[in-house]
Amino acid sequence: MKRRGHIALFAAVVLLAGYLLFSALRQPAAGPWVVPPEAALRVNPEPDTESVRAAGGALYREHCLRCHGEFGRGDGPEAAQYSVRPPDLTRDERMAAQSDGELFYKISEGRRPMPGYRRRLTESQRWQLVRFLRTLARAPVPPVEPLP
């Protein structure tokens, strides 16, 4: 009988720990979104052409508009339901401060409340989306130094 009590207590502790971990992971991430240096240095392999940007725009309308808004201002119809507002992608200083590799990483991995799109979109589609995002701010692409 004593052993059953220990097992029940152990199970309760494991369940509580699992619940707390799950709850913590569901919370919006606080602070700056740090991208690994090797990811930030990745160069966009998609050409900067009208057709690539148009393909990225179609992907944006299908997957991003609901939160980021029609023009990328973070004012989409679903944005208000989250405790963290989507960023304004039209701000030149915000977009100019991020390399294509950083944007690609953020799209791929996501961070609550934004989902990751690694499994939803192909690599090529994610790079096309980066090309389109650049048009929202008209920000110049920051230079990327190749790895030694």
# chains A, B, ... in the order shown; residues from 1 in each chain; ligands from 1
call {"tool": "residues_around", "arguments": {"residues": "Arg73 (chain A)", "least_positions_apart": "6", "cutoff": "12 Å", "atoms": "only C-alpha atoms", "output": "PyMOL selection string"}}
result
chain A and resi 64-67+79+85-92+94+133+136-137
call {"tool": "closest_residue", "arguments": {"among": "A:Ala54, A:Glu78, A:Tyr105, A:Glu93", "to": "Glu38 (chain A)", "atoms": "only C-alpha atoms"}}
result
A:Tyr105
call {"tool": "closest_residue", "arguments": {"among": "A:Pro32, A:Gly74, A:Gly56, A:Pro115", "to": "Phe132 (chain A)", "atoms": "only C-alpha atoms"}}
result
A:Gly56
call {"tool": "closest_residue", "arguments": {"among": "A:Arg131, A:Arg112, A:Arg42, A:Arg119", "to": "Val84 (chain A)", "atoms": "only C-alpha atoms"}}
result
A:Arg112
call {"tool": "atom_distance", "arguments": {"atom1": "CA of Ala96 (chain A)", "atom2": "CA of Gln81 (chain A)"}}
result
28.0 Å
call {"tool": "closest_residue", "arguments": {"among": "A:Val43, A:Val52, A:Ala80, A:Ala58", "to": "Leu103 (chain A)", "atoms": "only C-alpha atoms"}}
result
A:Val43
call {"tool": "atom_distance", "arguments": {"atom1": "CA of Trp33 (chain A)", "atom2": "CA of Leu59 (chain A)"}}
result
22.9 Å
call {"tool": "atom_distance", "arguments": {"atom1": "CA of His63 (chain A)", "atom2": "CA of Pro37 (chain A)"}}
result
26.4 Å
call {"tool": "residues_around", "arguments": {"residues": "Ala39 (chain A)", "least_positions_apart": "5", "cutoff": "10 Å", "atoms": "only C-alpha atoms", "output": "list in words"}}
result
Ser99, Asp100, Gly101, Glu102, Leu103, Phe104, Tyr105 and Lys106 of chain A
call {"tool": "write_last_selection", "arguments": {"atoms": "C-alpha atoms", "output": "PDB file, in the first residue's frame"}}
result
ATOM      1  CA  SER A  99      19.621  40.052 -42.778  1.00  0.00           C
ATOM      2  CA  ASP A 100      17.704  37.800 -45.136  1.00  0.00           C
ATOM      3  CA  GLY A 101      19.098  34.870 -43.147  1.00  0.00           C
ATOM      4  CA  GLU A 102      17.581  36.254 -39.938  1.00  0.00           C
ATOM      5  CA  LEU A 103      14.165  36.681 -41.541  1.00  0.00           C
ATOM      6  CA  PHE A 104      14.381  33.186 -43.038  1.00  0.00           C
ATOM      7  CA  TYR A 105      15.261  31.731 -39.631  1.00  0.00           C
ATOM      8  CA  LYS A 106      12.366  33.494 -37.914  1.00  0.00           C
TER       9      LYS A 106
END
